[in-house]
Every structure is written in C-alpha cells, then in structure tokens.
>>> print(open('input38.txt').read())   # compact mmCIF, C-alpha atoms
# COMPACT_ATOMS: atom_id res chain seq x y z
CA MET Z 24 19.09 6.25 28.50
CA LYS Z 25 21.65 4.93 26.07
CA PHE Z 26 20.49 4.12 22.55
CA VAL Z 27 21.99 1.17 20.70
CA LYS Z 28 22.55 1.37 16.96
CA ARG Z 29 21.03 -1.51 14.99
CA ASP Z 30 21.41 -2.41 11.31
CA ILE Z 31 17.83 -2.74 10.02
CA SER Z 32 16.29 -1.59 6.73
CA LEU Z 33 14.55 1.71 6.10
CA LEU Z 34 10.77 1.36 5.98
CA THR Z 35 7.73 3.47 5.06
CA SER Z 36 3.96 3.57 6.04
CA GLY Z 37 1.23 1.11 6.92
CA ALA Z 38 0.15 -1.43 9.62
CA LEU Z 39 -0.07 -5.09 8.75
CA LEU Z 40 -1.65 -7.39 11.29
CA GLY Z 41 1.06 -9.74 12.41
CA MET Z 42 3.62 -7.33 10.99
CA THR Z 43 3.87 -3.72 12.13
CA LEU Z 44 1.67 -0.80 13.04
CA ILE Z 45 1.44 1.87 10.32
CA PHE Z 46 5.06 1.47 9.38
CA GLY Z 47 6.43 4.86 8.44
CA GLN Z 48 9.88 5.38 7.05
CA MET Z 49 12.00 3.72 9.70
CA VAL Z 50 15.31 5.51 10.23
CA PHE Z 51 17.55 4.10 12.92
CA ALA Z 52 19.18 6.54 15.33
CA ASP Z 53 22.91 6.99 14.84
CA ARG Z 54 23.79 9.09 17.84
CA SER Z 55 22.51 9.86 21.32
CA PRO Z 56 20.07 12.79 21.24
CA VAL Z 57 20.92 16.13 22.86
CA GLN Z 58 19.52 16.11 26.40
CA PRO Z 59 16.71 18.70 26.65
CA ASP Z 60 15.92 20.80 29.71
CA LEU Z 61 13.93 18.61 32.08
CA PRO Z 62 10.64 19.80 33.66
CA ILE Z 63 11.64 19.00 37.26
CA ASP Z 64 8.26 19.82 38.85
CA ASP Z 65 6.36 17.63 36.38
CA LEU Z 66 8.82 14.79 36.88
CA ARG Z 67 8.31 15.08 40.66
CA ALA Z 68 4.57 14.70 40.05
CA PHE Z 69 5.24 11.66 37.88
CA SER Z 70 7.45 10.16 40.57
CA GLU Z 71 4.79 10.75 43.23
CA ILE Z 72 2.08 9.09 41.09
CA PHE Z 73 4.42 6.17 40.43
CA GLY Z 74 4.97 5.76 44.18
CA ARG Z 75 1.26 5.96 45.00
CA ILE Z 76 0.41 3.30 42.42
CA LYS Z 77 3.12 1.07 43.89
CA SER Z 78 1.80 1.50 47.43
CA SER Z 79 -1.96 1.91 47.00
CA TYR Z 80 -3.17 0.16 43.84
CA VAL Z 81 -5.56 -2.69 44.60
CA GLU Z 82 -3.08 -5.26 43.28
CA PRO Z 83 0.73 -5.30 43.22
CA VAL Z 84 2.26 -3.93 39.99
CA GLU Z 85 5.78 -4.57 38.76
CA ASP Z 86 8.02 -1.54 38.21
CA LYS Z 87 8.80 -2.68 34.66
CA GLU Z 88 5.09 -2.85 33.75
CA LEU Z 89 4.44 0.67 35.09
CA ILE Z 90 7.41 2.13 33.23
CA GLU Z 91 6.49 0.40 29.95
CA ASN Z 92 2.90 1.64 30.26
CA ALA Z 93 4.17 5.18 30.87
CA ILE Z 94 6.37 4.97 27.75
CA ARG Z 95 3.46 3.63 25.70
CA GLY Z 96 1.24 6.46 26.91
CA MET Z 97 3.80 9.15 26.06
CA LEU Z 98 4.30 7.86 22.53
CA SER Z 99 0.69 6.99 21.66
CA GLY Z 100 -0.37 10.48 22.69
CA LEU Z 101 1.90 12.04 20.04
CA ASP Z 102 0.46 10.66 16.77
CA PRO Z 103 -0.90 7.39 15.34
CA HIS Z 104 2.54 6.22 14.17
CA SER Z 105 4.68 6.62 17.30
CA SER Z 106 4.77 3.59 19.59
CA TYR Z 107 6.73 1.45 22.02
CA LEU Z 108 7.90 -1.86 20.58
CA ASP Z 109 8.19 -4.70 23.06
CA LEU Z 110 9.92 -7.99 22.28
CA GLU Z 111 7.07 -9.24 20.07
CA GLY Z 112 6.49 -5.92 18.30
CA PHE Z 113 10.19 -5.41 17.60
CA LYS Z 114 10.51 -8.96 16.26
CA GLU Z 115 7.52 -8.47 13.95
CA LEU Z 116 8.87 -5.17 12.64
CA ARG Z 117 12.11 -6.87 11.63
CA GLU Z 118 10.30 -9.85 10.12
CA GLY Z 119 7.91 -7.62 8.20
CA THR Z 120 10.34 -6.69 5.46
CA SER Z 121 10.88 -10.32 4.44
CA GLY Z 122 7.40 -10.66 2.90
CA GLU Z 123 6.35 -13.55 5.18
CA PHE Z 124 4.52 -13.07 8.47
CA GLY Z 125 1.57 -14.30 10.48
CA GLY Z 126 -1.79 -12.54 10.56
CA LEU Z 127 -4.76 -11.50 8.44
CA GLY Z 128 -3.01 -9.53 5.69
CA ILE Z 129 -4.70 -6.28 6.59
CA GLU Z 130 -3.18 -2.86 7.23
CA VAL Z 131 -4.89 -0.73 9.86
CA SER Z 132 -4.79 2.60 11.63
CA MET Z 133 -6.89 4.18 14.38
CA GLU Z 134 -9.66 6.67 13.58
CA ASP Z 135 -12.22 8.09 16.04
CA GLY Z 136 -11.62 5.20 18.42
CA PHE Z 137 -12.18 2.52 15.78
CA VAL Z 138 -9.76 0.45 13.74
CA LYS Z 139 -9.73 1.71 10.15
CA VAL Z 140 -8.62 -0.47 7.26
CA VAL Z 141 -5.96 1.31 5.21
CA ALA Z 142 -5.68 -1.57 2.74
CA PRO Z 143 -6.08 -5.33 2.48
CA ILE Z 144 -3.03 -7.05 0.99
CA ASP Z 145 -3.41 -9.09 -2.20
CA ASP Z 146 -4.02 -12.85 -1.84
CA THR Z 147 -4.43 -12.76 1.94
CA PRO Z 148 -7.38 -13.80 4.17
CA ALA Z 149 -8.54 -10.17 4.42
CA ALA Z 150 -8.52 -9.62 0.65
CA LYS Z 151 -10.22 -12.95 -0.06
CA ALA Z 152 -12.96 -12.21 2.50
CA GLY Z 153 -13.76 -8.91 0.80
CA VAL Z 154 -12.38 -6.48 3.40
CA GLN Z 155 -12.03 -3.07 1.75
CA ALA Z 156 -9.93 0.06 2.25
CA GLY Z 157 -11.89 2.51 4.39
CA ASP Z 158 -13.80 -0.14 6.37
CA LEU Z 159 -14.17 0.65 10.09
CA ILE Z 160 -13.82 -2.36 12.40
CA ILE Z 161 -16.09 -1.88 15.43
CA ARG Z 162 -16.01 -5.38 16.98
CA LEU Z 163 -13.43 -8.17 17.20
CA ASP Z 164 -15.42 -11.31 17.86
CA GLU Z 165 -17.68 -10.04 20.67
CA LYS Z 166 -15.29 -7.36 21.96
CA PRO Z 167 -16.06 -3.69 21.10
CA VAL Z 168 -13.06 -1.87 19.63
CA LYS Z 169 -14.07 1.48 21.14
CA GLY Z 170 -11.68 2.26 23.97
CA MET Z 171 -8.95 -0.12 22.82
CA SER Z 172 -5.51 1.02 21.77
CA LEU Z 173 -4.36 0.06 18.29
CA ASN Z 174 -1.82 -2.29 19.89
CA ASP Z 175 -4.56 -4.04 21.85
CA ALA Z 176 -6.73 -4.44 18.76
CA VAL Z 177 -3.84 -5.83 16.73
CA ASP Z 178 -2.95 -8.28 19.51
CA ILE Z 179 -6.52 -9.65 19.43
CA MET Z 180 -6.48 -10.00 15.66
CA ARG Z 181 -3.23 -11.95 15.74
CA GLY Z 182 -3.34 -15.64 16.50
CA GLU Z 183 -2.46 -19.15 15.44
CA PRO Z 184 -2.70 -19.85 11.69
CA GLY Z 185 -5.95 -21.69 11.05
CA SER Z 186 -7.83 -20.03 13.90
CA LYS Z 187 -10.83 -17.85 13.09
CA ILE Z 188 -11.92 -14.35 14.04
CA GLN Z 189 -15.17 -12.48 13.39
CA LEU Z 190 -14.87 -8.81 12.36
CA THR Z 191 -17.86 -6.48 12.56
CA ILE Z 192 -17.38 -3.75 9.98
CA ILE Z 193 -19.05 -0.46 9.10
CA ARG Z 194 -18.74 0.30 5.39
CA GLN Z 195 -19.69 3.47 3.57
CA GLY Z 196 -22.81 2.88 1.48
CA GLU Z 197 -24.04 -0.05 3.60
CA ASP Z 198 -27.16 0.39 5.75
CA LYS Z 199 -26.01 -1.90 8.56
CA PRO Z 200 -22.77 -3.35 9.92
CA LEU Z 201 -21.25 -6.30 8.06
CA SER Z 202 -19.96 -9.45 9.73
CA VAL Z 203 -16.86 -11.00 8.15
CA GLU Z 204 -15.20 -14.22 9.31
CA LEU Z 205 -11.48 -14.50 8.64
CA THR Z 206 -9.14 -17.44 9.10
CA ARG Z 207 -5.70 -16.43 10.29
CA ALA Z 208 -2.79 -17.61 8.17
CA VAL Z 209 0.93 -17.28 7.62
CA ILE Z 210 0.99 -14.45 5.10
CA LYS Z 211 3.40 -14.83 2.20
CA VAL Z 212 3.14 -11.70 0.13
CA LYS Z 213 4.34 -11.75 -3.46
CA SER Z 214 4.87 -8.04 -3.89
CA VAL Z 215 5.18 -7.91 -7.71
CA LYS Z 216 2.87 -9.37 -10.39
CA PHE Z 217 2.84 -8.59 -14.11
CA GLU Z 218 1.20 -9.48 -17.41
CA THR Z 219 0.81 -8.23 -20.97
CA LEU Z 220 -2.61 -6.58 -21.35
CA GLU Z 221 -2.40 -6.27 -25.11
CA PRO Z 222 0.57 -6.55 -27.49
CA GLY Z 223 3.01 -3.83 -26.47
CA TYR Z 224 1.16 -2.79 -23.29
CA GLY Z 225 2.30 -4.11 -19.93
CA TYR Z 226 0.68 -4.27 -16.49
CA LEU Z 227 2.77 -4.21 -13.31
CA ARG Z 228 1.17 -4.60 -9.88
CA ILE Z 229 3.05 -3.84 -6.65
CA SER Z 230 1.09 -4.90 -3.56
CA THR Z 231 3.70 -3.91 -0.93
CA PHE Z 232 7.24 -2.53 -0.95
CA GLN Z 233 9.57 -5.19 0.46
CA SER Z 234 13.37 -5.40 0.43
CA PRO Z 235 13.54 -7.35 -2.89
CA THR Z 236 10.75 -5.37 -4.62
CA GLY Z 237 13.09 -3.06 -6.56
CA GLN Z 238 14.92 -5.96 -8.20
CA SER Z 239 11.63 -7.81 -8.75
CA VAL Z 240 10.27 -4.81 -10.66
CA ARG Z 241 13.36 -4.69 -12.89
CA ASP Z 242 13.07 -8.42 -13.55
CA ALA Z 243 9.36 -8.04 -14.36
CA LEU Z 244 10.02 -5.16 -16.78
CA SER Z 245 12.70 -7.20 -18.54
CA GLU Z 246 10.29 -10.12 -18.88
CA LEU Z 247 7.50 -7.87 -20.17
CA LYS Z 248 9.82 -6.41 -22.79
CA GLU Z 249 10.88 -9.90 -23.81
CA GLN Z 250 7.22 -10.88 -24.23
CA ASN Z 251 6.71 -7.87 -26.50
CA ASP Z 252 9.61 -8.08 -28.97
CA GLY Z 253 12.02 -6.24 -26.73
CA LYS Z 254 9.99 -3.05 -26.31
CA LEU Z 255 6.92 -1.77 -24.46
CA LYS Z 256 4.66 0.91 -25.92
CA GLY Z 257 3.34 1.73 -22.45
CA LEU Z 258 2.95 0.48 -18.89
CA VAL Z 259 0.21 0.53 -16.26
CA LEU Z 260 1.77 0.62 -12.77
CA ASP Z 261 -0.86 -0.45 -10.24
CA LEU Z 262 -0.31 0.88 -6.69
CA ARG Z 263 -3.92 0.62 -5.52
CA ASN Z 264 -4.33 -0.61 -1.93
CA ASN Z 265 -0.56 -0.68 -1.51
CA PRO Z 266 0.10 0.35 2.12
CA GLY Z 267 3.81 1.04 1.67
CA GLY Z 268 6.84 -0.80 3.02
CA VAL Z 269 10.57 -0.41 2.56
CA LEU Z 270 11.72 3.09 1.59
CA ASP Z 271 14.73 1.79 -0.36
CA ALA Z 272 12.35 -0.26 -2.53
CA ALA Z 273 10.22 2.81 -3.28
CA VAL Z 274 13.35 4.70 -4.33
CA GLU Z 275 14.53 1.78 -6.52
CA VAL Z 276 11.14 1.48 -8.24
CA SER Z 277 11.04 5.22 -8.97
CA ASP Z 278 14.64 5.10 -10.18
CA ALA Z 279 13.71 2.42 -12.74
CA PHE Z 280 11.68 5.05 -14.65
CA ILE Z 281 13.50 8.33 -13.92
CA ASN Z 282 16.80 9.34 -15.55
CA LYS Z 283 17.95 11.97 -13.08
CA GLY Z 284 16.91 14.29 -10.28
CA MET Z 285 15.39 14.07 -6.82
CA ILE Z 286 13.08 11.17 -5.93
CA VAL Z 287 12.19 12.09 -2.34
CA TYR Z 288 13.66 13.98 0.61
CA THR Z 289 12.93 14.20 4.35
CA GLU Z 290 13.22 17.07 6.83
CA GLY Z 291 13.04 17.11 10.61
CA ARG Z 292 14.41 18.88 13.68
CA ILE Z 293 17.62 16.83 13.94
CA ALA Z 294 20.34 16.47 11.33
CA ASP Z 295 19.90 12.70 11.05
CA ALA Z 296 16.31 13.26 9.88
CA ASP Z 297 17.38 15.19 6.77
CA GLN Z 298 17.96 12.81 3.84
CA LYS Z 299 17.88 13.14 0.06
CA PHE Z 300 17.46 10.39 -2.52
CA HIS Z 301 18.38 10.93 -6.17
CA ALA Z 302 17.83 8.90 -9.35
CA LYS Z 303 20.68 7.26 -11.21
CA PRO Z 304 20.89 7.50 -15.04
CA GLY Z 305 18.76 5.01 -16.95
CA ASP Z 306 15.06 4.57 -17.74
CA MET Z 307 14.07 0.93 -18.29
CA LEU Z 308 11.16 1.98 -20.54
CA ASN Z 309 13.16 4.49 -22.60
CA GLY Z 310 10.49 7.15 -22.16
CA ALA Z 311 7.45 4.96 -22.93
CA PRO Z 312 4.34 6.42 -21.26
CA ILE Z 313 3.27 5.22 -17.80
CA ILE Z 314 -0.12 5.35 -16.10
CA VAL Z 315 -0.03 4.94 -12.30
CA LEU Z 316 -3.22 3.66 -10.66
CA VAL Z 317 -3.83 4.86 -7.07
CA ASN Z 318 -6.66 5.02 -4.56
CA GLY Z 319 -7.33 5.77 -0.89
CA GLY Z 320 -5.45 2.61 0.09
CA SER Z 321 -2.22 3.79 -1.56
CA ALA Z 322 -0.02 4.99 1.29
CA SER Z 323 3.50 6.16 2.11
CA ALA Z 324 5.97 4.30 -0.15
CA SER Z 325 3.25 4.18 -2.83
CA GLU Z 326 2.84 7.94 -2.49
CA ILE Z 327 6.60 8.43 -2.76
CA VAL Z 328 6.61 6.63 -6.13
CA ALA Z 329 3.44 8.33 -7.41
CA GLY Z 330 4.66 11.76 -6.25
CA ALA Z 331 8.11 11.35 -7.82
CA LEU Z 332 6.74 10.20 -11.19
CA GLN Z 333 4.11 12.96 -11.13
CA ASP Z 334 6.60 15.73 -10.29
CA HIS Z 335 9.01 14.56 -13.01
CA HIS Z 336 6.10 14.48 -15.52
CA ARG Z 337 7.06 10.87 -16.10
CA ALA Z 338 3.62 9.37 -15.54
CA VAL Z 339 -0.06 10.23 -15.47
CA ILE Z 340 -1.63 9.47 -12.08
CA LEU Z 341 -5.13 8.03 -12.43
CA GLY Z 342 -7.64 7.07 -9.74
CA SER Z 343 -8.67 8.66 -6.44
CA LYS Z 344 -6.79 10.64 -3.78
CA THR Z 345 -4.20 8.64 -1.84
CA PHE Z 346 -4.04 8.00 1.91
CA GLY Z 347 -1.74 10.89 2.89
CA LYS Z 348 0.92 9.23 5.07
CA GLY Z 349 3.93 11.51 4.78
CA SER Z 350 5.65 11.32 8.16
CA VAL Z 351 8.95 9.65 9.02
CA GLN Z 352 9.46 7.36 12.00
CA THR Z 353 12.80 6.70 13.69
CA VAL Z 354 13.28 3.33 15.36
CA MET Z 355 15.51 3.73 18.42
CA PRO Z 356 16.49 0.38 19.98
CA LEU Z 357 16.54 0.55 23.78
CA THR Z 358 17.78 -2.99 24.43
CA ASN Z 359 18.24 -6.06 22.25
CA ASP Z 360 14.52 -6.76 22.56
CA THR Z 361 12.75 -3.39 22.75
CA ALA Z 362 12.66 -0.14 20.81
CA VAL Z 363 10.88 3.19 20.49
CA LYS Z 364 9.32 4.12 17.15
CA MET Z 365 8.87 7.90 17.01
CA THR Z 366 7.91 10.39 14.30
CA THR Z 367 10.93 12.59 13.60
CA ALA Z 368 10.40 14.11 10.13
CA ARG Z 369 8.16 14.56 7.11
CA TYR Z 370 8.97 13.45 3.59
CA TYR Z 371 8.54 15.62 0.51
CA THR Z 372 8.13 15.00 -3.22
CA PRO Z 373 10.78 16.43 -5.61
CA SER Z 374 8.81 19.67 -6.04
CA GLY Z 375 8.65 20.19 -2.26
CA ARG Z 376 5.12 18.95 -1.59
CA SER Z 377 4.40 17.43 1.80
CA ILE Z 378 1.95 14.57 1.39
CA GLN Z 379 1.19 14.39 5.12
CA ALA Z 380 -2.61 14.40 5.61
CA ASP Z 381 -3.09 15.63 2.02
CA GLY Z 382 -2.15 12.69 -0.17
CA ILE Z 383 -1.47 12.68 -3.91
CA GLU Z 384 -4.17 14.21 -6.11
CA PRO Z 385 -4.51 12.16 -9.29
CA ASP Z 386 -4.13 13.91 -12.64
CA ILE Z 387 -7.27 12.13 -13.81
CA LYS Z 388 -9.88 11.27 -11.19
CA VAL Z 389 -11.67 7.96 -11.51
CA GLU Z 390 -13.73 7.30 -8.39
CA GLY Z 391 -15.34 4.00 -7.47
CA VAL Z 392 -17.10 3.03 -10.70
CA GLN Z 393 -18.72 -0.31 -11.41
CA VAL Z 394 -19.45 -1.34 -14.98
CA SER Z 395 -21.74 -4.26 -15.72
CA ALA Z 396 -21.99 -6.15 -18.97
CA ALA Z 397 -25.05 -5.17 -21.01
CA GLU Z 398 -27.58 -7.89 -21.63
CA GLU Z 399 -27.57 -9.20 -25.17
CA SER Z 400 -30.38 -7.76 -27.26
CA GLU Z 401 -32.52 -9.95 -29.46
CA PHE Z 402 -32.49 -7.15 -32.04
CA THR Z 403 -29.47 -6.97 -34.37
CA PRO Z 404 -28.91 -3.53 -35.97
CA LEU Z 405 -29.12 -3.42 -39.79
CA ARG Z 406 -25.75 -3.20 -41.57
CA GLU Z 407 -24.70 -2.49 -45.16
CA ALA Z 408 -23.91 -6.17 -45.69
CA ASP Z 409 -27.56 -7.01 -44.93
CA LEU Z 410 -28.95 -4.87 -47.78
CA SER Z 411 -30.05 -6.57 -51.01
CA HIS Z 412 -27.60 -6.26 -53.93
CA HIS Z 413 -24.95 -4.57 -51.72
CA LEU Z 414 -21.57 -3.98 -53.30
CA ILE Z 415 -18.82 -6.35 -52.33
CA ASN Z 416 -15.70 -4.95 -50.72
CA GLY Z 417 -13.42 -5.71 -53.65
CA GLN Z 418 -10.54 -6.73 -51.41
CA LYS Z 419 -9.52 -10.15 -50.24
CA PRO Z 420 -11.06 -10.75 -46.84
CA GLU Z 421 -8.50 -10.77 -44.05
CA GLU Z 422 -8.24 -13.85 -41.90
CA THR Z 423 -9.72 -13.32 -38.48
CA GLU Z 424 -9.29 -15.14 -35.24
CA ASP Z 425 -12.80 -14.30 -34.02
CA ALA Z 426 -14.55 -17.37 -32.69
CA THR Z 427 -17.61 -18.62 -34.57
CA ASP Z 428 -20.92 -19.16 -32.81
CA ALA Z 429 -20.21 -22.88 -32.82
CA GLU Z 430 -16.83 -22.30 -31.20
CA MET Z 431 -18.43 -20.03 -28.61
CA ASP Z 432 -20.87 -22.79 -27.78
CA ASN Z 433 -17.95 -25.10 -27.09
CA LEU Z 434 -16.44 -22.80 -24.47
CA THR Z 435 -16.51 -24.09 -20.90
CA ALA Z 436 -18.53 -22.34 -18.22
CA GLU Z 437 -15.27 -21.10 -16.70
CA GLU Z 438 -14.16 -19.59 -20.02
CA LYS Z 439 -17.50 -17.85 -20.46
CA LYS Z 440 -16.98 -16.17 -17.10
CA GLU Z 441 -14.09 -14.20 -18.61
CA LEU Z 442 -15.51 -10.70 -18.67
CA PRO Z 443 -14.31 -7.64 -20.61
CA LEU Z 444 -11.57 -5.65 -18.89
CA ALA Z 445 -13.93 -2.69 -18.41
CA VAL Z 446 -16.24 -4.94 -16.39
CA ARG Z 447 -13.51 -6.63 -14.38
CA ASP Z 448 -11.48 -3.49 -13.65
CA TYR Z 449 -12.81 -0.19 -15.00
CA PRO Z 450 -9.87 2.03 -13.90
CA LEU Z 451 -7.43 -0.40 -15.49
CA SER Z 452 -9.39 -0.37 -18.76
CA GLN Z 453 -9.33 3.44 -18.70
CA ALA Z 454 -5.57 3.41 -18.10
CA LEU Z 455 -5.04 1.11 -21.07
CA ASN Z 456 -7.20 3.31 -23.31
CA LEU Z 457 -5.28 6.37 -22.18
CA LEU Z 458 -1.95 4.69 -23.01
CA LYS Z 459 -3.23 3.88 -26.50
CA GLY Z 460 -4.32 7.48 -26.99
CA MET Z 461 -0.92 8.77 -25.91
CA MET Z 462 0.76 6.44 -28.38
CA ILE Z 463 -1.47 7.70 -31.21
CA LEU Z 464 -0.55 11.33 -30.47
CA HIS Z 465 3.12 10.70 -29.73
CA PRO Z 466 4.26 7.45 -31.39
CA GLN Z 467 7.68 6.26 -30.25
CA ARG Z 468 10.44 6.27 -32.82
>>> encode(input="input38.txt", output="structure tokens")
Amino acid sequence: MKFVKRDISLLTSGALLGMTLIFGQMVFADRSPVQPDLPIDDLRAFSEIFGRIKSSYVEPVEDKELIENAIRGMLSGLDPHSSYLDLEGFKELREGTSGEFGGLGIEVSMEDGFVKVVAPIDDTPAAKAGVQAGDLIIRLDEKPVKGMSLNDAVDIMRGEPGSKIQLTIIRQGEDKPLSVELTRAVIKVKSVKFETLEPGYGYLRISTFQSPTGQSVRDALSELKEQNDGKLKGLVLDLRNNPGGVLDAAVEVSDAFINKGMIVYTEGRIADADQKFHAKPGDMLNGAPIIVLVNGGSASASEIVAGALQDHHRAVILGSKTFGKGSVQTVMPLTNDTAVKMTTARYYTPSGRSIQADGIEPDIKVEGVQVSAAEESEFTPLREADLSHHLINGQKPEETEDATDAEMDNLTAEEKKELPLAVRDYPLSQALNLLKGMMILHPQR
C-alpha cells in the first residue's frame, strides 16, 4: 500500500468529542516503510475467513466494509491511541487544531470497557455541566457503553449543535451514578487566558495547545508585564485539565521560559520517529519564578511543558500526578480521505524520563482540597487598641482603601459572592503564596 505524504501539523495527546481520539503527537510519514516478512499461513487464514464471510454471512457485506473493519480491529488491538481514520475522523483531526469544532468539549479515553473523562475543556458544555476528570461514562442516553469501541461511543456523543444527550457517570466519592444532561454545541476554545492576581504576580491559563497558542502565550506575557510596570515578580502557569494538543505549541510555550537546552525528544523503531526539540535563547520572564499547576487531567503536551520546566529547574510543579500520556502517534494518509494513526515512538523529558503511564510527579503535592469560608463569629477578639488609656501609635495613620461597614453594606449581592482566592481555588492560592515566599528569599535585582 502506498502512503501519501500530507502537510499537517504535529499534535500531542487527548480525545475531544467532535475533534479527535486521544490525540498523541501526530508525525506524518515521510517515506514508505520497509516491507516486513509476511506470515503467509496467517494471511491464508485471513483470506479464507474473508471469503466465508462474503459467501455465508446472513446478509451481504461490501468488501470495503470488511477491509475497513479488519484495519480497525488490527489498530484498536494495539493500544488506546492507534486507530483508523475514515473520512469524518480524518476531517475532524485536521479541524481540531484550529480551536473550533463541534461536540461536547470533553476529552475521553477507554478504560475497562467504559469511557473515561481525561479532561473537560474550559467554557464548553461538559465543563459547564460539571463533568470532571476521572469520571467514568457508563451510559449514553439509554445505551450502555460496555462493549462499545471508543469510536462508537464518540460517534453517539457527537451530534447537531443544540441537541441534547444524557450521560450516566460514575464518580469517585459518589455513592450512586450521576445523570448529566449536556447540550451539544460548536466548541470555540480560547486556549489562553490571563490576569494579574496581585501587583507583580501574573496568572496564565492554557486550556489546550492549539497552533496559535505559542504566540498567544507570548502576547499574554507581554500584556501582563505591561500591566505590572514592565516586570513580573512571578507567574502561575495553570495546566490543570489541559488534555494536550499541538506539539509545536508545547515546544513554543516551554521555549518562552527556557534559555537553552533540550525541551523534549522522541525515540522509536524507525529513523523518522527520532526527533529532538531545543530551546532558543531568551526567557520572557528574565528568570522570575514560575509555579506550574497540574492534575490528573494534564496530559501529553501539558506534560511536555511541565517536564521540561521541571528538568531545567525553571519552575516548581504543584498539584497532583499528571495523566501519563507519553506515546507518539504517526498519521499515515492512505487516500485523500482516510488515514491510519499508529503509535510509533515515546517522548522523553530533557533528563531522559519517559512519562508514558507514569506521568509527572509534582514537586509539591496538593490533592483535591476544598476550603470553605468560616462563618463570622459574634465574638471579636480583644486588641491593644481596645484597652483603656492605651498608648497612641505616634505616627501619622496611613490612608487605607479598606471598605467601611457602610460601604460593605452597599455592595451588591453579586459583589458579595466574590470569595477569597483560597476558597475559590485553593491550589492557586497556594501557588501565589509560594511565589511570594520565593521572592522574599530571593528578591530579583
């Protein structure tokens, strides 16, 4: 079979409904593979079974359907990331890197016969409905998932924007299955968001790695520096529930913070599978400390970035262990409309670690913690200023921007809902505190 070279981007990890299935690093074949020795006896058996199905199956079956099913079976039996891409699947793979696609905004894999959620994508139907990384989907509407292929399950979850689907989910810590109704939509993912947490401290969130993500990160860093008098004291890089995406984007993001050295490399059985990616000179933060937030939904391209920054001692990784997707897929177009996606290599961090099935261990572990605001006490502790005849400070009181009780009373209900950072996002509050501590010990000059 002759393979046709196609010019399509390199990708890494994940499976977005309406997009791709666990997209690993997609490397497109450059040359025809060396023909291996063929098992003639086994192929005779295959040919005989093919003929018997054609002649004896209860209903007529087209040759093309039988051959495509055989290809699907060969690939799906290898690992969760190898698959046959028909016209629709190949089209979705190519559309996936643009950041706009149809579906639920959920990345999935297969585990023990059920569909497992790797990560919901920010601002999508799945995220808004409360779907969480690690959820097991056991029913799609009334259809049990057990016994389905991942392709079949994804096909059911796709559909017209505006149509609804009911997911039955098993979640760790819940006594009984949960029922979640989702409305399908055209997913437009904005991969980069940013804000200033406190003067001098920036927050950068990457939800997926798309083709323009590298430039978007550089633009965001420039804007953050502009908001903070041209310099950042520290940055929180949030890669939680980021399923991966385009490899080139992961390399560009890492390169924005690393001055030199290896970012990631891949190794496989064929020469085309061996690739090395190095950083170019220049660190956009000029050495300012970085905290990278990760969790079990951080996969592939996210792990490339976290692993590179960790190995170069450029950032502190905080959170929980990542997903562990460290294999490389090669997309081999068969015709203009179909392709084979096959695992051909593993990728490694600069120090030579394979992340496959292991993931990135955070430097500081912060598991799922929920912090609630303490109820206000009617008792106010006694202070020095409350004592009779207390000494005055002797200095002119500094002006403060603290709101008075009267001003607090004038706040709207929406404004009163603004909770402390530790309540809204405990790991993020810990990351910010850690950055402040690092600045106290090692102030930038």
>>> atom_distance(input="input38.txt", atom1="atom CA of Lys216 of chain Z", atom2="atom CA of Gly460 of chain Z")
24.7 Å
>>> residues_around(input="input38.txt", residues="Thr236 of chain Z", least_positions_apart="6", cutoff="8 Å", atoms="only C-alpha atoms", output="PDB file with C-alpha atoms, in the coordinates of the input")
ATOM      1  CA  SER Z 214       4.870  -8.040  -3.890  1.00  0.00           C
ATOM      2  CA  VAL Z 215       5.180  -7.910  -7.710  1.00  0.00           C
ATOM      3  CA  ALA Z 272      12.350  -0.260  -2.530  1.00  0.00           C
ATOM      4  CA  VAL Z 276      11.140   1.480  -8.240  1.00  0.00           C
TER       5      VAL Z 276
END
>>> closest_residue(input="input38.txt", among="Z:Leu247, Z:Ala142, Z:Leu262, Z:Met365", to="Met97 of chain Z", atoms="all atoms listed in the file")
Z:Met365
>>> closest_residue(input="input38.txt", among="Z:Val212, Z:Leu89, Z:Met355, Z:Leu244", to="Ser230 of chain Z", atoms="only C-alpha atoms")
Z:Val212
>>> residues_around(input="input38.txt", residues="Val240 of chain Z", least_positions_apart="5", cutoff="12 Å", atoms="all atoms listed in the file", output="PDB file with C-alpha atoms, in the frame of the given file")
ATOM      1  CA  LYS Z 213       4.340 -11.750  -3.460  1.00  0.00           C
ATOM      2  CA  SER Z 214       4.870  -8.040  -3.890  1.00  0.00           C
ATOM      3  CA  VAL Z 215       5.180  -7.910  -7.710  1.00  0.00           C
ATOM      4  CA  LYS Z 216       2.870  -9.370 -10.390  1.00  0.00           C
ATOM      5  CA  PHE Z 217       2.840  -8.590 -14.110  1.00  0.00           C
ATOM      6  CA  TYR Z 226       0.680  -4.270 -16.490  1.00  0.00           C
ATOM      7  CA  LEU Z 227       2.770  -4.210 -13.310  1.00  0.00           C
ATOM      8  CA  ARG Z 228       1.170  -4.600  -9.880  1.00  0.00           C
ATOM      9  CA  ILE Z 229       3.050  -3.840  -6.650  1.00  0.00           C
ATOM     10  CA  SER Z 230       1.090  -4.900  -3.560  1.00  0.00           C
ATOM     11  CA  THR Z 231       3.700  -3.910  -0.930  1.00  0.00           C
ATOM     12  CA  PHE Z 232       7.240  -2.530  -0.950  1.00  0.00           C
ATOM     13  CA  GLN Z 233       9.570  -5.190   0.460  1.00  0.00           C
ATOM     14  CA  SER Z 234      13.370  -5.400   0.430  1.00  0.00           C
ATOM     15  CA  PRO Z 235      13.540  -7.350  -2.890  1.00  0.00           C
ATOM     16  CA  SER Z 245      12.700  -7.200 -18.540  1.00  0.00           C
ATOM     17  CA  GLU Z 246      10.290 -10.120 -18.880  1.00  0.00           C
ATOM     18  CA  LEU Z 247       7.500  -7.870 -20.170  1.00  0.00           C
ATOM     19  CA  LEU Z 260       1.770   0.620 -12.770  1.00  0.00           C
ATOM     20  CA  ASP Z 261      -0.860  -0.450 -10.240  1.00  0.00           C
ATOM     21  CA  ALA Z 272      12.350  -0.260  -2.530  1.00  0.00           C
ATOM     22  CA  ALA Z 273      10.220   2.810  -3.280  1.00  0.00           C
ATOM     23  CA  VAL Z 274      13.350   4.700  -4.330  1.00  0.00           C
ATOM     24  CA  GLU Z 275      14.530   1.780  -6.520  1.00  0.00           C
ATOM     25  CA  VAL Z 276      11.140   1.480  -8.240  1.00  0.00           C
ATOM     26  CA  SER Z 277      11.040   5.220  -8.970  1.00  0.00           C
ATOM     27  CA  ASP Z 278      14.640   5.100 -10.180  1.00  0.00           C
ATOM     28  CA  ALA Z 279      13.710   2.420 -12.740  1.00  0.00           C
ATOM     29  CA  PHE Z 280      11.680   5.050 -14.650  1.00  0.00           C
ATOM     30  CA  MET Z 307      14.070   0.930 -18.290  1.00  0.00           C
TER      31      MET Z 307
END
>>> atom_distance(input="input38.txt", atom1="atom CA of Arg369 of chain Z", atom2="atom CA of Glu290 of chain Z")
5.7 Å
>>> residues_around(input="input38.txt", residues="Tyr288 of chain Z", least_positions_apart="6", cutoff="9 Å", atoms="only C-alpha atoms", output="list in words")
Asp297, Gln298, Lys299, Phe300, His301, Arg369, Tyr370, Tyr371, Thr372, Pro373 and Gly375 of chain Z
